[in-house]
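Novice: A single structure is presented below for examination.
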Amino acid sequence: MEFNMSMVVPASPTQLWSTLLDVPRISGCIPGCENVEEIERLATYKATVKQKIGPFKVEVPADIVVESMTEPSHVRTRATGRDKLTGTRLAVVLDVTVTPEGSSSSTFAVDAKVDVQGRLATMGFGVLKRRVDQNFEEFEKRLKEMLGAA
Amino acid sequence: MTHMLPISFWLNGQVIALNVPTHTLLIDLIRDKLGLKGTKRSCDMEVCGACTVLLDGEPISSCTTLAVDIDQREITTIEGVTPPDGLSRVQKAFVLHGGLQCGFCTPGFIMAVTALLKATPHPTDEEIRHYLHGNLCRCTGYTKIFEAVKSLASEQASENAI
Amino acid sequence: MLPSPFEFDRPSTIEDAIRGVGESGDGMFYSGGTELLLAMKMRVIHTDRLVDIKGIFGLDRICLNEANDIEIGARCTHAKIASDPVIREHVPALSSLCANVANIRVRSVGTIGGNLCFGEPHADPPTLLAALNARLVLIGRDGTRVVPADDFIRSELETIREPDELLTLVVLPCPNGPVTYRRFQHGERPSVNVAMAWSIDAGKATIKGARVRVGALGSRPQPLKLVEDALRGLPVREVRPAIEAVLTTALDELEVNEDRHGGADYKRHLAGVLLLRSVEEAISVGGGA
């Protein structure tokens with residue numbers, strides 16, 4: 001599953017750079033993402049991704065790795081994990097890009113690739129995709145609020 | 001932590017009392033604990049009917065039934081409808097009409113047909129098809145099975161025959 | 001696979017059952033288990049306690065009460081509903097629906113309550129019960145509440161029932177007009193179903209009101225409001241042209257999940273075909289003129 005969003009933020013790329021690197025803060029905007037912990041600053045983090053769809057519950061302890069950084073415009077983060085109860089495996093690659101827009105604004109863009117494997121995903125792919133879609137809409141909303149985007 | 005529960009039930013006319021883990025499936029109780037291998041596990045999701053047994057005379061999927069649910073009830077398996085010295089009326093009809101090839105689905109069909117004829121001794125073609133809709137066969141193409149059941153439906157059965 | 005271990009309670013009262021589920025972190029009510037047990041075997045649902053409601057007296061009765069409502073205990077199996085004389089006489093469409101759920105084995109033990117509580121978007125009963133304006137009775141720690149069937153399923157696999165609320169009864173007004181339910185057969189795809197109930201005046205010539213629900217296309221049964229509005233107060237002989245005038249717009253308003261079995265337009269088209277066939281059936285069964 002792939003998702004894209006982009007928004008115009010009243011800040012320069014340099015001003016936004018520290019936000020891009022604030023993994024806990026960005027992760028906090030993802031619905032279901034909880035207990036974000038820093039292991040090694042700007043390198044590795046941990047979090048728990050929880051979702052409940054009716055009687056189906058998933059709780060994935062995720063390892064988050066900052067794979068690449070190009071100041072002040074791009075950060076790639078990868079999160080992987082496995083829910084031990086249902087065997088559901090989650091892999092998310094998040095690309096955040098900032099490009100200048102005029103003198104004091106930037107375009108903040110997020111590209112996400114989400115991969116869910118396991119029995120739950122096979123049985124209910126349609127339901128799962130719709131839930132992930134909803135989560136991304138919510139993620140976009142929260143990011144906009146956080147960044148003061150238009 | 002495994003939880004155990006005592007159950008007592010009739011199995012093919014015999015009383016059995018056991019302690020079972022609550023998460024035990026009926027099909028495993030029948031096949032593994034009690035050694036009755038006639039009941040088959042195939043799809044494991046209530047779709048194919050190979051695991052059909054009768055619970056108080058009604059067909060159920062033993063693959064998706066808890067053993068604890070048969071407490072105080074009556075279970076009949078394929079072993080319970082097979083006479084010690086031959087074949088039941090239903091089984092004979094299947095053999096006569098060629099209603100089986102590999103035989104894997106057959107116990108499930110026999111149980112379903114046995115229950116059908118007990119409830120409706122002379123079912124119409126439509127009633128036969130509807131009742132057996134959930135029993136799958138990959139070998140015969142169903143025609144011979146249908147003919148076997150139809151022949152039973154038009155027989156004047158004696159009271160003792162199953 | 002085997003389900004993971006759980007406690008198994010067999011309460012004999014509703015209060016004990018509710019307490020049993022409420023006390024445990026992940027407790028669940030259990031009757032036929034045709035959906036629940038399957039998911040537990042696949043290990044996509046976990047529970048530490050199953051509360052078996054089969055020992056509670058009074059949850060599987062069917063009757064026509066003094067208010068001319070049909071009461072169906074939530075623990076009634078599909079087999080029981082299919083063969084019940086009250087249902088056969090007053091709502092044969094429901095009898096036929098239940099006679100065709102899944103297969104003979106599932107119908108032996110699966111219950112209408114369990115079907116409703118699972119909220120599976122392709123299920124049959126929710127669509128027809130919504131068209132029949134059924135009410136669902138839930139009993140929880142804080143007492144009883146009655147919910148219209150239209151509001152019970154919130155989204156796919158999610159209902160408004162709290163985990164420790166027990167669905168005990170389905171109540172529906174005895175229909176006074178034709179009721180139809182049509183769907184694609186088992187194994188045919190995509191899954192689509194349409195339920196319709198007309199309220200006809202005593203002379204059988206005019207439709208006082210109609211309820212139309214389309215299931216399996218979105219995450220829960222959806223009304224076809226434009227069709228319902230078009231039918232209100234209409235003489236039966238004018239039904240077909242009135243529906244055809246609004247059908248496309250009505251179908252466009254449906255929320256449709258596209259999947260490998262069909263795109264949105266195709267599924268909408270199928271719903272329209274099933275609706276028109278339902279209308280023919282309703283006219284020949286219940287409408288005069």
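All residue names refer to the structure tokens as shown: chains lettered A, B, ... in order, residues numbered from 1 in each chain, ligands numbered from 1 in order.
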Set the cut-off to 7 Å and count only C-alpha atoms: what are the residues of chain A that reach chain C? Output as a PyMOL selection string.
Specialist: chain A and resi 53-56+86+120
Novice: Please return as a ChimeraX atom specification: the residues of region 64-152 of chain B that backbone DSSP assigns to helix (DSSP H, G or I).
Specialist: /B:64,67-70,78-81,89-97,106-119,125-134,143-152
Novice: Enumerate, in order of chain and increasing residue number, the residues of chain B with an atom no farther than 7 Å from chain C, each with its shortest atom pair and distance in Å to one decimal, counting only C-alpha atoms, as a Markdown table.
Specialist:
```
| residue | atom | partner | partner_atom | distance |
| --- | --- | --- | --- | --- |
| B:Met1 | CA | C:Pro5 | CA | 6.6 |
| B:Thr2 | CA | C:Pro5 | CA | 5.5 |
| B:His3 | CA | C:Glu7 | CA | 6.0 |
| B:Thr22 | CA | C:Phe8 | CA | 6.5 |
| B:His23 | CA | C:Pro5 | CA | 5.4 |
| B:Met45 | CA | C:Leu38 | CA | 6.5 |
| B:Glu58 | CA | C:Ser108 | CA | 6.6 |
| B:Pro59 | CA | C:Arg105 | CA | 5.2 |
| B:Ile60 | CA | C:Arg105 | CA | 4.4 |
| B:Ser61 | CA | C:Arg105 | CA | 6.0 |
| B:Thr64 | CA | C:Leu37 | CA | 6.4 |
| B:Tyr131 | CA | C:Ile104 | CA | 6.2 |
| B:His133 | CA | C:Asn103 | CA | 6.6 |
| B:Gly134 | CA | C:Asn103 | CA | 4.8 |
```
Novice: Grab the residues selected above and save them as a compact mmCIF listing (two decimals), in the first residue's frame with N, CA and C atoms.
Specialist:
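Contents of the output file again26.txt:
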```
# COMPACT_ATOMS: atom_id res chain seq x y z
N MET B 1 -1.87 -21.11 30.02
CA MET B 1 -2.30 -22.07 31.05
C MET B 1 -3.50 -22.84 30.53
N THR B 2 -3.38 -24.15 30.46
CA THR B 2 -4.48 -24.97 29.93
C THR B 2 -5.57 -25.13 30.97
N HIS B 3 -6.82 -24.96 30.52
CA HIS B 3 -7.96 -25.17 31.41
C HIS B 3 -8.64 -26.46 31.04
N THR B 22 -10.03 -27.09 27.40
CA THR B 22 -11.16 -26.35 26.83
C THR B 22 -10.98 -26.04 25.35
N HIS B 23 -9.73 -25.91 24.91
CA HIS B 23 -9.52 -25.53 23.51
C HIS B 23 -9.44 -26.73 22.58
N MET B 45 -12.22 -25.35 7.77
CA MET B 45 -12.95 -24.10 7.98
C MET B 45 -14.44 -24.20 7.69
N GLU B 58 -28.15 -33.91 14.29
CA GLU B 58 -27.98 -32.83 13.31
C GLU B 58 -26.54 -32.75 12.85
N PRO B 59 -26.31 -32.49 11.55
CA PRO B 59 -24.93 -32.44 11.05
C PRO B 59 -24.20 -31.18 11.53
N ILE B 60 -22.96 -31.37 11.97
CA ILE B 60 -22.12 -30.24 12.37
C ILE B 60 -20.71 -30.45 11.80
N SER B 61 -19.93 -29.37 11.79
CA SER B 61 -18.53 -29.46 11.37
C SER B 61 -17.68 -29.75 12.60
N THR B 64 -14.67 -27.40 13.58
CA THR B 64 -14.87 -26.09 14.20
C THR B 64 -15.95 -26.19 15.28
N TYR B 131 -29.76 -29.66 0.83
CA TYR B 131 -29.18 -30.23 2.05
C TYR B 131 -27.70 -30.51 1.88
N HIS B 133 -25.65 -29.19 -0.26
CA HIS B 133 -24.93 -28.06 -0.87
C HIS B 133 -23.56 -27.82 -0.23
N GLY B 134 -23.46 -28.10 1.07
CA GLY B 134 -22.21 -27.82 1.77
C GLY B 134 -21.28 -29.00 1.89
```
Novice: Distance CA of Ile53 (chain C)-CA of Leu97 (chain C), one decimal place?
Specialist: 24.1 Å
Novice: So what do you get for CA of Gly215 (chain C) versus CA of Cys174 (chain C), distance-wise?
Specialist: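 A separation of 22.0 Å between them.
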Novice: Env of region 166-171 of chain C: 7 Å cut, atoms = only C-alpha atoms, seq-sep filter 3 positions within chain, self excluded. Answer as a compact mmCIF listing (two decimals) with N, CA and C atoms, in the first residue's frame.
Specialist:
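Written out: result.txt:
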```txt
# COMPACT_ATOMS: atom_id res chain seq x y z
N ILE C 18 -22.97 -11.72 31.71
CA ILE C 18 -22.43 -10.37 31.53
C ILE C 18 -21.27 -10.13 32.49
N LEU C 59 -33.49 -17.66 25.55
CA LEU C 59 -32.88 -16.82 24.52
C LEU C 59 -33.15 -17.33 23.10
N ASP C 69 -45.81 -7.79 17.13
CA ASP C 69 -44.40 -7.82 16.76
C ASP C 69 -43.92 -9.26 16.79
N ILE C 70 -42.99 -9.58 15.91
CA ILE C 70 -42.38 -10.91 15.94
C ILE C 70 -41.11 -10.83 16.78
N GLU C 71 -41.02 -11.72 17.77
CA GLU C 71 -39.83 -11.75 18.63
C GLU C 71 -39.00 -12.97 18.26
N ILE C 72 -37.72 -12.74 18.00
CA ILE C 72 -36.80 -13.85 17.68
C ILE C 72 -35.65 -13.80 18.68
N GLY C 73 -35.55 -14.81 19.52
CA GLY C 73 -34.43 -14.86 20.47
C GLY C 73 -33.11 -14.84 19.72
N ALA C 74 -32.14 -14.08 20.25
CA ALA C 74 -30.87 -13.92 19.54
C ALA C 74 -30.11 -15.23 19.38
N GLY C 113 -28.07 -13.99 16.33
CA GLY C 113 -27.39 -13.01 17.19
C GLY C 113 -25.91 -12.94 16.89
N ALA C 134 -36.24 -3.82 12.15
CA ALA C 134 -36.10 -4.58 13.39
C ALA C 134 -35.43 -3.75 14.47
N ARG C 135 -35.69 -4.16 15.73
CA ARG C 135 -35.03 -3.52 16.87
C ARG C 135 -34.27 -4.62 17.59
N LEU C 136 -33.11 -4.26 18.09
CA LEU C 136 -32.27 -5.25 18.76
C LEU C 136 -32.16 -4.91 20.24
N VAL C 137 -32.40 -5.90 21.09
CA VAL C 137 -32.38 -5.67 22.53
C VAL C 137 -31.04 -6.11 23.10
N LEU C 138 -30.36 -5.19 23.76
CA LEU C 138 -29.05 -5.47 24.35
C LEU C 138 -29.16 -5.31 25.86
N ILE C 139 -28.59 -6.27 26.57
CA ILE C 139 -28.57 -6.17 28.04
C ILE C 139 -27.13 -6.09 28.51
N GLY C 140 -26.82 -5.06 29.30
CA GLY C 140 -25.47 -4.88 29.81
C GLY C 140 -25.48 -4.61 31.31
```
Novice: Provide the CA of Cys51 (chain B) to CA of Thr114 (chain B) distance in Å, to one decimal place.
Specialist: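 These two atoms are separated by 14.4 Å.
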